[in-house]
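Pasted below: run-v5.cif, mmCIF, C-alpha atoms and all ligand atoms.
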```cif
data_query
#
loop_
_atom_site.group_PDB
_atom_site.id
_atom_site.type_symbol
_atom_site.label_atom_id
_atom_site.label_comp_id
_atom_site.auth_asym_id
_atom_site.auth_seq_id
_atom_site.Cartn_x
_atom_site.Cartn_y
_atom_site.Cartn_z
ATOM 1 C CA MET C 206 41.364 -16.421 1.108
ATOM 2 C CA HIS C 207 42.830 -16.189 4.570
ATOM 3 C CA PHE C 208 42.370 -12.479 4.463
ATOM 4 C CA LYS C 209 38.633 -12.937 3.888
ATOM 5 C CA LEU C 210 38.428 -15.298 6.831
ATOM 6 C CA LEU C 211 40.234 -12.788 8.984
ATOM 7 C CA LEU C 212 37.840 -10.051 7.939
ATOM 8 C CA LEU C 213 34.883 -12.286 8.653
ATOM 9 C CA SER C 214 36.099 -13.139 12.117
ATOM 10 C CA ILE C 215 36.734 -9.482 12.936
ATOM 11 C CA LEU C 216 33.234 -8.670 11.772
ATOM 12 C CA PHE C 217 31.809 -11.459 13.877
ATOM 13 C CA LEU C 218 33.710 -10.321 16.968
ATOM 14 C CA ASN C 219 32.337 -6.828 16.587
ATOM 15 C CA ILE C 220 28.805 -8.079 16.186
ATOM 16 C CA SER C 221 28.966 -10.254 19.288
ATOM 17 C CA LEU C 222 30.422 -7.382 21.324
ATOM 18 C CA PHE C 223 27.618 -5.184 20.085
ATOM 19 C CA ALA C 224 25.006 -7.817 20.970
ATOM 20 C CA LYS C 225 26.464 -8.127 24.452
ATOM 21 C CA HIS C 226 26.222 -4.399 24.949
ATOM 22 C CA GLU C 227 22.698 -4.379 23.637
ATOM 23 C CA ASP C 228 21.686 -6.929 26.282
ATOM 24 C CA ALA C 229 23.498 -4.989 28.988
ATOM 25 C CA GLN C 230 21.850 -1.771 27.896
ATOM 26 C CA GLU C 231 18.479 -3.455 28.149
ATOM 27 C CA LEU C 232 19.233 -4.713 31.668
ATOM 28 C CA PHE C 233 20.392 -1.244 32.622
ATOM 29 C CA THR C 234 17.264 0.384 31.201
ATOM 30 C CA ASP C 235 14.878 -2.161 32.704
ATOM 31 C CA ALA C 236 16.405 -1.762 36.170
ATOM 32 C CA ASP C 237 15.617 1.961 35.938
ATOM 33 C CA CYS C 238 19.171 2.904 36.889
ATOM 34 C CA MET C 239 18.721 6.303 35.272
ATOM 35 C CA SER C 240 15.864 7.184 37.637
ATOM 36 C CA CYS C 241 18.629 8.284 40.026
ATOM 37 C CA HIS C 242 21.533 8.783 37.664
ATOM 38 C CA ASN C 243 22.399 10.874 34.694
ATOM 39 C CA SER C 244 25.398 10.348 32.444
ATOM 40 C CA LYS C 245 27.437 12.908 34.386
ATOM 41 C CA ASP C 246 27.455 10.530 37.367
ATOM 42 C CA PHE C 247 29.438 8.061 35.367
ATOM 43 C CA ALA C 248 32.924 9.477 35.152
ATOM 44 C CA LYS C 249 36.326 8.740 36.578
ATOM 45 C CA ARG C 250 36.949 10.630 39.767
ATOM 46 C CA GLN C 251 39.981 10.654 41.995
ATOM 47 C CA ASN C 252 39.543 8.763 45.253
ATOM 48 C CA LYS C 253 36.183 7.480 44.086
ATOM 49 C CA VAL C 254 35.393 5.149 41.256
ATOM 50 C CA ASN C 255 38.893 5.131 39.768
ATOM 51 C CA SER C 256 39.295 1.554 38.537
ATOM 52 C CA PHE C 257 37.314 -1.134 36.772
ATOM 53 C CA LYS C 258 37.186 -3.090 40.014
ATOM 54 C CA LYS C 259 35.666 -0.178 41.916
ATOM 55 C CA LEU C 260 33.234 0.440 39.093
ATOM 56 C CA HIS C 261 32.070 -3.160 39.309
ATOM 57 C CA LYS C 262 31.665 -2.814 43.077
ATOM 58 C CA ALA C 263 29.564 0.321 42.577
ATOM 59 C CA VAL C 264 27.405 -1.409 39.983
ATOM 60 C CA ASN C 265 26.861 -4.328 42.345
ATOM 61 C CA ALA C 266 26.074 -2.045 45.284
ATOM 62 C CA CYS C 267 23.392 -0.299 43.248
ATOM 63 C CA ARG C 268 22.198 -3.581 41.818
ATOM 64 C CA PHE C 269 21.559 -5.036 45.276
ATOM 65 C CA ALA C 270 20.230 -1.786 46.750
ATOM 66 C CA ASN C 271 17.683 -1.593 43.961
ATOM 67 C CA GLU C 272 16.957 -5.300 43.782
ATOM 68 C CA ALA C 273 17.805 -5.639 40.107
ATOM 69 C CA GLN C 274 17.281 -9.301 39.320
ATOM 70 C CA TRP C 275 20.586 -9.816 37.547
ATOM 71 C CA PHE C 276 22.893 -12.796 37.487
ATOM 72 C CA ASP C 277 26.529 -12.072 38.320
ATOM 73 C CA ASP C 278 27.588 -12.360 34.680
ATOM 74 C CA GLU C 279 24.857 -9.918 33.670
ATOM 75 C CA SER C 280 26.074 -7.498 36.287
ATOM 76 C CA LEU C 281 29.569 -7.816 34.805
ATOM 77 C CA ASP C 282 28.104 -7.138 31.346
ATOM 78 C CA VAL C 283 26.540 -3.933 32.679
ATOM 79 C CA THR C 284 29.892 -2.915 34.204
ATOM 80 C CA ASN C 285 31.579 -3.535 30.836
ATOM 81 C CA TYR C 286 28.874 -1.561 29.092
ATOM 82 C CA LEU C 287 29.251 1.430 31.436
ATOM 83 C CA ASN C 288 33.029 1.160 31.193
ATOM 84 C CA ASP C 289 33.039 1.222 27.395
ATOM 85 C CA LYS C 290 30.479 3.974 27.247
ATOM 86 C CA TYR C 291 31.732 6.258 30.016
ATOM 87 C CA TYR C 292 34.684 5.363 32.202
ATOM 88 C CA ARG C 293 37.129 3.702 29.830
ATOM 89 C CA PHE C 294 39.242 1.988 32.464
ATOM 90 C CA LYS C 295 41.827 -0.513 31.368
ATOM 91 C CA ILE C 296 40.729 -3.914 32.567
ATOM 92 C CA VAL C 297 43.523 -5.365 34.665
ATOM 93 C CA PRO C 298 43.160 -9.092 35.167
ATOM 94 C CA GLU C 299 43.058 -10.190 38.796
ATOM 95 C CA LYS C 300 46.117 -11.940 40.139
HETATM 96 C C1 LIG D 401 17.583 5.040 44.352
HETATM 97 C C2 LIG D 401 18.601 5.727 43.591
HETATM 98 C C3 LIG D 401 19.576 4.908 42.753
HETATM 99 C C4 LIG D 401 19.267 3.977 41.800
HETATM 100 C C5 LIG D 401 17.888 3.523 41.316
HETATM 101 C C6 LIG D 401 20.527 3.513 41.267
HETATM 102 N N1 LIG D 401 21.558 4.148 41.878
HETATM 103 FE FE1 LIG D 401 23.551 3.964 41.394
HETATM 104 N N2 LIG D 401 24.026 5.296 42.882
HETATM 105 C C7 LIG D 401 23.120 5.929 43.718
HETATM 106 C C8 LIG D 401 23.859 6.763 44.647
HETATM 107 C C9 LIG D 401 23.246 7.623 45.752
HETATM 108 C C10 LIG D 401 25.251 6.608 44.331
HETATM 109 C C11 LIG D 401 26.442 7.264 45.011
HETATM 110 C C12 LIG D 401 26.950 6.363 46.101
HETATM 111 C C13 LIG D 401 28.206 6.920 46.691
HETATM 112 O O1 LIG D 401 28.920 7.685 46.006
HETATM 113 O O2 LIG D 401 28.490 6.577 47.835
HETATM 114 C C14 LIG D 401 25.311 5.702 43.200
HETATM 115 C C15 LIG D 401 26.490 5.342 42.558
HETATM 116 C C16 LIG D 401 26.556 4.543 41.431
HETATM 117 C C17 LIG D 401 27.754 4.298 40.648
HETATM 118 C C18 LIG D 401 29.104 4.925 40.895
HETATM 119 C C19 LIG D 401 29.130 6.272 40.208
HETATM 120 C C20 LIG D 401 30.479 6.957 40.346
HETATM 121 O O3 LIG D 401 31.233 6.949 39.343
HETATM 122 O O4 LIG D 401 30.762 7.488 41.412
HETATM 123 C C21 LIG D 401 27.424 3.446 39.653
HETATM 124 C C22 LIG D 401 28.332 2.904 38.564
HETATM 125 C C23 LIG D 401 26.007 3.151 39.795
HETATM 126 N N3 LIG D 401 25.505 3.835 40.869
HETATM 127 C C24 LIG D 401 25.311 2.289 38.980
HETATM 128 C C25 LIG D 401 23.949 2.029 39.116
HETATM 129 C C26 LIG D 401 23.260 1.001 38.370
HETATM 130 C C27 LIG D 401 23.903 0.049 37.374
HETATM 131 C C28 LIG D 401 21.951 1.080 38.741
HETATM 132 C C29 LIG D 401 20.793 0.201 38.267
HETATM 133 C C30 LIG D 401 20.789 -1.153 38.815
HETATM 134 C C31 LIG D 401 21.829 2.143 39.722
HETATM 135 N N4 LIG D 401 23.071 2.686 39.925
HETATM 136 C C32 LIG D 401 20.631 2.539 40.287
HETATM 137 C C33 LIG D 401 21.743 5.831 43.665
HETATM 138 C C34 LIG D 401 21.032 5.011 42.806
#
```

Kindly present the structure from the file in structure tokens form.
Amino acid sequence: MHFKLLLLSILFLNISLFAKHEDAQELFTDADCMSCHNSKDFAKRQNKVNSFKKLHKAVNACRFANEAQWFDDESLDVTNYLNDKYYRFKIVPEK
């Protein structure tokens, strides 16, 4: 019984993560980010975007430069989406 509940909650977690990424992907597509970028732009590089924090800064810089009408939490969703899809940084909580 408990095992079923556990399975259900894991399933639900995965679905909500997927839904979040779907929204973020839509924001990303609608803002036409790929008019300048291709997937090769989005990779870890030494002395450049080399942490989740720097990735989020880069996303915000491009968001403001291109006047994407995103809320801050949406911008964070896009950063998470790009991180999971390309960069794969560990997310270190801020102190
Ligand atoms: C008008 C062209 C243009 C558009 C549109 C654009 N960007 Fe950028 N973006 C750039 C340029 C140029 C850089 C490199 C800046 C630098 O390295 O100093 C960059 C860098 C980045 C980086 C860092 C890449 C890396 O790993 O070095 C990210 C992430 C990024 N943009 C996300 C976005 C997102 C999200 C959007 C959509 C809101 C977007 N960009 C739209 C021009 C653009």

Practice task
Set the cut-off to 6 Å, count only C-alpha atoms and all ligand atoms, and list whatever residues fall near ligand LIG 401 (chain D) as an MDAnalysis selection string.
Solution key: chainID C and resid 233 236:238 240:241 246:248 254 260 263:264 267:268 271 273

Practice task
For segment 224-229 of chain C, work out the shell of residues within 12 Å, counting only C-alpha atoms and skipping chain neighbours fewer than 3 positions away, then give it as a PyMOL selection string.
Solution key: chain C and resi 217-221+232-236+238+275-276+278-290

Practice task
Could you tell me how far atom CA of Phe257 of chain C lies from atom CA of Tyr291 of chain C, in Å and to one decimal?
Solution key: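 Distance reported for this atom pair: 11.5 Å.
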
Practice task
Mind giving me the straight-line distance from atom CA of Gln251 of chain C to atom CA of Phe294 of chain C in Å, one decimal?
Solution key: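 We find that atom CA of Gln251 of chain C and atom CA of Phe294 of chain C lie 12.9 Å from each other.
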
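Atom CA of Phe223 of chain C lies 19.9 Å from atom CA of Leu210 of chain C.
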
Problem - Top pick for closest residue to Lys259 of chain C, considering C:Glu231, C:Ile296, C:Ser214, C:Phe208 and counting only C-alpha atoms - result: C:Ile296

Handout entry: Among listed residues C:Glu272, C:Tyr292, C:Gln230, C:Asn243, nearest Ser256 of chain C (using all atoms listed in the file)
Key =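 Checking each candidate against Ser256 of chain C, we get C:Tyr292 as the closest.
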